[in-house]
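For reference, the structure is listed below as structure tokens.
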Amino acid sequence: MIYLDNAATSFPKPQETIQAMAHTLTHCGANPGRAGHALALSAGRIVEQCREAIAQMLGEHDATRVVFCHNATDALNTAIHGVVRTGDHVITTLLEHNSVLRPLSELSRSGAITLTIVPPDAQGRIRAEDIESAMLPGTRLVAMTHMSNVLGTLQDAAAVGRVCRRHGVLLLLDCAQTAGHMPLEPKKWGCHLLAMPGHKGLLGPHGTGALWIAPGVRIAPMRQGGTGSASESMFQPRMLPDSLESGTLNLPGIAGLLAGMRVAQAHMPAAHAHVAALCDMLREALMNLPGIRVYTPAGAPLVSFNAEGTGSQEIAALLDRQNIAVRGGLHCAPGVHRFLGTLTQGAVRVSPGMYSTREEMLHLIAALQKMTN
């Protein structure tokens, strides 16, 4: 199988990820933070090592400000529902994944908040001045993607962060497509909340993710339960990370995430350049095929396109029969497709990873050439 759907989930995983998970399950699979025996303490050390590694990656000296989540969706929901209050105004963008659009739209429909959705410019980028123009006296939060999962366009988080600082507004950044692929500097950008998955660029397993919370930002927990701390109280503890980590953590997943992160960080610059080169090769080939429309710019780490007269999911199915895995459809980002005019057709998305090869991309190009001739 030629796997080219890494924007959804990276595959294959490094052997280091797999081995770390297996080792945890066989040698230290106790409940972290719930007992004082050797196995529980060993499990707890794995959790804290991963927490510290994420904090270091983000330039955060206080690792307690990193909270483990089930995935980026869980992290985004935790942030949104934890900081937004009834009567607030929230700004988001048309480029967002449904992990942002759906919780905000539900809050807006219920009347809890008012919501402004800012469109991108013609190049698929969000302008900081448009975010500023949408600001109201009651604006509480700006929630935006760092990189579109359809267009592959990198957004200027620092420019939006400067606008948010001027207005005293929180900035939540969705780094689902950039974590593990490029340096993340939330403090430098003026970000207050940053959500990331473990199963994409960080090369961790499914069901892992994290939320970083800037100093001074308080989040009301969506869930309450056992934390291994303050157990004498019937109320949820308020200190981080305990307040947002009720229940048993995904220990084997966190162990795999720690191992995967180390691999991703060790290869980050070379892997990013490799993926961009593969995408540029595909993009150039597609531009020379009849009836093909490409939506992503040069240098992007993914390529989205459509073929005239053929649905995106049909193309993906035809490629799947040739053992080539790509993604067709809306990619859980309906706003982007409204912007592109492809809401009914969707788009074909090709997203190579660090283990993808030039030969695999040439095989895909040959298959697409046959389809369009």
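Following the order of the structure tokens, first chain is A, next is B, and so on, with residues numbered from 1 inside each chain and ligands from 1 in the order they appear.
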Within 9 Å of Gly226 of chain A, counting only C-alpha atoms, which residues show up once you throw out same-chain ones fewer than 5 positions away? Write them as number ranges by chain, please. A: 231, 236, 245-248
Can you pull out every residue within 7 Å of Ala157 of chain A, counting only C-alpha atoms, but drop anything in the same chain fewer than 3 positions away, and send it as a ChimeraX atom specification? /A:146,160-161,189
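Of note, atom CA of Val217 of chain A and atom CA of Met239 of chain A are spaced 11.8 Å apart.
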At a cut-off of 12 Å, using only C-alpha atoms, what residues contact Arg321 of chain A? Leave out same-chain residues fewer than 4 positions from it and give the result as a PDB file with C-alpha atoms, in the first residue's frame.
ATOM      1  CA  MET A   1       0.000   0.000   0.000  1.00  0.00           C
ATOM      2  CA  ILE A   2       1.231   3.481  -0.900  1.00  0.00           C
ATOM      3  CA  GLU A 314     -14.527   8.446  -6.967  1.00  0.00           C
ATOM      4  CA  ILE A 315     -10.896   9.308  -7.705  1.00  0.00           C
ATOM      5  CA  ALA A 316      -9.884   8.233  -4.195  1.00  0.00           C
ATOM      6  CA  ALA A 317     -11.743   4.932  -4.669  1.00  0.00           C
ATOM      7  CA  ALA A 325      -4.395   5.668  -0.170  1.00  0.00           C
ATOM      8  CA  VAL A 326      -5.466   9.322  -0.525  1.00  0.00           C
ATOM      9  CA  ALA A 367      -1.979   6.444 -12.132  1.00  0.00           C
TER      10      ALA A 367
END
Nearest to Leu330 of chain A by atom-to-atom distance, counting only C-alpha atoms, from A:Val150, A:Ala266, A:Val100, A:Ala285: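 Counting only C-alpha atoms, the residue closest to Leu330 of chain A is A:Val150.
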Give me, please, the distance in Å between atom CA of Leu172 of chain A and atom CA of Ile91 of chain A, quoted to one decimal.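 Computed distance, atom CA of Leu172 of chain A to atom CA of Ile91 of chain A, equals 10.3 Å.
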Looking at only C-alpha atoms, which of A:Gly353, A:Pro290, A:Pro205, A:Val336 is the one that sits closest to Pro120 of chain A? A:Val336
Which residues, written as number ranges by chain, have at least one atom at most 12 Å from Lys188 of chain A, with only C-alpha atoms counted and residues fewer than 3 positions away on the same chain left out? A: 58-60, 157-162, 165, 183-185, 191-192, 214
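Taking atom CA of Glu96 of chain A and atom CA of Pro334 of chain A as endpoints, the distance between them is 8.2 Å.
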Which residues are close to His27 of chain A, i.e. within 10 Å by only C-alpha atoms, leaving aside same-chain residues fewer than 5 positions away? Reply as an NGL selection string. :A and (22 or 39 or 42-43)
Could you take the residues named above and write them with N, CA and C atoms, as a tab-separated table (two decimals), in the first residue's frame?
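Final output, part_16.tsv:
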chain	number	residue	atom	x	y	z
A	22	ALA	N	4.53	-1.12	23.46
A	22	ALA	CA	4.59	-2.53	23.88
A	22	ALA	C	5.33	-2.67	25.21
A	39	LEU	N	5.35	0.13	40.17
A	39	LEU	CA	4.80	0.16	38.82
A	39	LEU	C	4.05	1.46	38.55
A	42	SER	N	6.56	4.22	38.09
A	42	SER	CA	7.19	4.10	36.78
A	42	SER	C	6.28	4.63	35.69
A	43	ALA	N	5.00	4.31	35.79
A	43	ALA	CA	4.02	4.82	34.84
A	43	ALA	C	3.93	6.34	34.91
I'd like the neighbourhood of Ala55 of chain A as a list in words, where a residue qualifies if any of its atoms comes within 10 Å (using only C-alpha atoms), though same-chain residues fewer than 3 positions away should be ignored.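 Non-adjacent residues within range: Gln49, Cys50, Arg51, Glu52, Leu58, Gly59, Glu60, His61, Asp62, Ala63, Thr64, Arg65, Val66, Val67 and Trp212 of chain A.
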Please report, as JSON, numbers by chain, each residue of segment 48-182 of chain A to which DSSP assigns strand (DSSP E or B) when run on this structure's backbone. {"A": [66, 67, 68, 69, 89, 90, 91, 92, 93, 114, 115, 116, 117, 118, 139, 140, 141, 142, 143, 144, 145, 147, 154, 170, 171, 172, 173, 174]}
For the residues selected in the previous step, produce a file with N, CA and C atoms as a compact mmCIF listing (two decimals), in the first residue's frame.
# COMPACT_ATOMS: atom_id res chain seq x y z
N VAL A 66 0.80 21.90 30.34
CA VAL A 66 0.49 20.98 29.25
C VAL A 66 -0.46 19.92 29.78
N VAL A 67 -1.62 19.80 29.15
CA VAL A 67 -2.67 18.87 29.58
C VAL A 67 -2.86 17.82 28.49
N PHE A 68 -2.88 16.56 28.87
CA PHE A 68 -3.11 15.49 27.89
C PHE A 68 -4.59 15.40 27.54
N CYS A 69 -4.85 15.19 26.25
CA CYS A 69 -6.21 15.07 25.73
C CYS A 69 -6.30 13.83 24.84
N HIS A 89 -18.55 37.16 22.65
CA HIS A 89 -18.42 37.16 21.20
C HIS A 89 -17.14 36.42 20.85
N VAL A 90 -17.21 35.52 19.84
CA VAL A 90 -16.06 34.72 19.43
C VAL A 90 -15.84 34.92 17.93
N ILE A 91 -14.58 34.97 17.55
CA ILE A 91 -14.20 35.09 16.14
C ILE A 91 -13.48 33.81 15.72
N THR A 92 -13.87 33.27 14.58
CA THR A 92 -13.15 32.16 13.98
C THR A 92 -13.05 32.41 12.48
N THR A 93 -12.60 31.42 11.71
CA THR A 93 -12.38 31.64 10.28
C THR A 93 -13.06 30.55 9.46
N THR A 114 -22.24 34.99 20.49
CA THR A 114 -22.36 35.46 19.11
C THR A 114 -21.06 35.11 18.41
N LEU A 115 -21.16 34.80 17.12
CA LEU A 115 -20.02 34.25 16.39
C LEU A 115 -19.82 34.99 15.08
N THR A 116 -18.57 35.35 14.81
CA THR A 116 -18.19 35.94 13.53
C THR A 116 -17.19 35.02 12.85
N ILE A 117 -17.46 34.66 11.59
CA ILE A 117 -16.58 33.79 10.82
C ILE A 117 -15.91 34.63 9.74
N VAL A 118 -14.60 34.76 9.82
CA VAL A 118 -13.83 35.61 8.91
C VAL A 118 -13.37 34.78 7.72
N THR A 139 -15.76 40.69 22.61
CA THR A 139 -15.00 39.58 22.04
C THR A 139 -14.12 38.95 23.11
N ARG A 140 -14.25 37.66 23.26
CA ARG A 140 -13.51 36.91 24.28
C ARG A 140 -12.39 36.05 23.68
N LEU A 141 -12.64 35.50 22.48
CA LEU A 141 -11.76 34.47 21.94
C LEU A 141 -11.66 34.58 20.43
N VAL A 142 -10.45 34.38 19.91
CA VAL A 142 -10.22 34.12 18.49
C VAL A 142 -9.70 32.70 18.38
N ALA A 143 -10.38 31.87 17.59
CA ALA A 143 -9.98 30.48 17.39
C ALA A 143 -9.66 30.28 15.91
N MET A 144 -8.43 29.89 15.62
CA MET A 144 -8.05 29.74 14.21
C MET A 144 -7.03 28.62 14.01
N THR A 145 -7.00 28.11 12.80
CA THR A 145 -6.05 27.08 12.43
C THR A 145 -4.69 27.70 12.13
N MET A 147 -2.59 25.98 10.11
CA MET A 147 -2.46 25.61 8.70
C MET A 147 -3.71 24.90 8.25
N LEU A 154 -0.14 28.24 5.44
CA LEU A 154 0.29 28.57 6.79
C LEU A 154 -0.19 29.97 7.14
N LEU A 170 -8.31 36.42 23.95
CA LEU A 170 -7.58 35.15 23.94
C LEU A 170 -7.44 34.61 22.52
N LEU A 171 -6.29 34.01 22.22
CA LEU A 171 -6.06 33.38 20.93
C LEU A 171 -5.85 31.89 21.12
N LEU A 172 -6.71 31.09 20.49
CA LEU A 172 -6.60 29.63 20.47
C LEU A 172 -6.13 29.21 19.10
N LEU A 173 -5.01 28.49 19.05
CA LEU A 173 -4.42 28.07 17.78
C LEU A 173 -4.54 26.56 17.63
N ASP A 174 -5.10 26.13 16.50
CA ASP A 174 -5.24 24.72 16.16
C ASP A 174 -4.01 24.32 15.34
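The protein and nucleic acid residues lying at most 10 Å from Ala277 of chain A are Ala271, Arg283, Ala298, Gly299, Ala300, Pro301 and Arg358 of chain A, with only C-alpha atoms considered and sequence neighbours fewer than 6 positions away removed.
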Every residue of segment 35-200 of chain A that DSSP places in helix (DSSP H, G or I), as a ChimeraX atom specification: /A:38-57,63-65,72-83,98-109,128-133,157-167,186-189
Contacts of segment 138-229 of chain A with segment 121-125 of chain A up to 8 Å, shortest pair per row, only C-alpha atoms, as JSON lines:
{"residue": "A:Leu151", "atom": "CA", "partner": "A:Gly124", "partner_atom": "CA", "distance": 7.1}
{"residue": "A:Thr153", "atom": "CA", "partner": "A:Gly124", "partner_atom": "CA", "distance": 6.5}
{"residue": "A:Leu154", "atom": "CA", "partner": "A:Arg125", "partner_atom": "CA", "distance": 7.5}
{"residue": "A:Gln155", "atom": "CA", "partner": "A:Arg125", "partner_atom": "CA", "distance": 6.1}
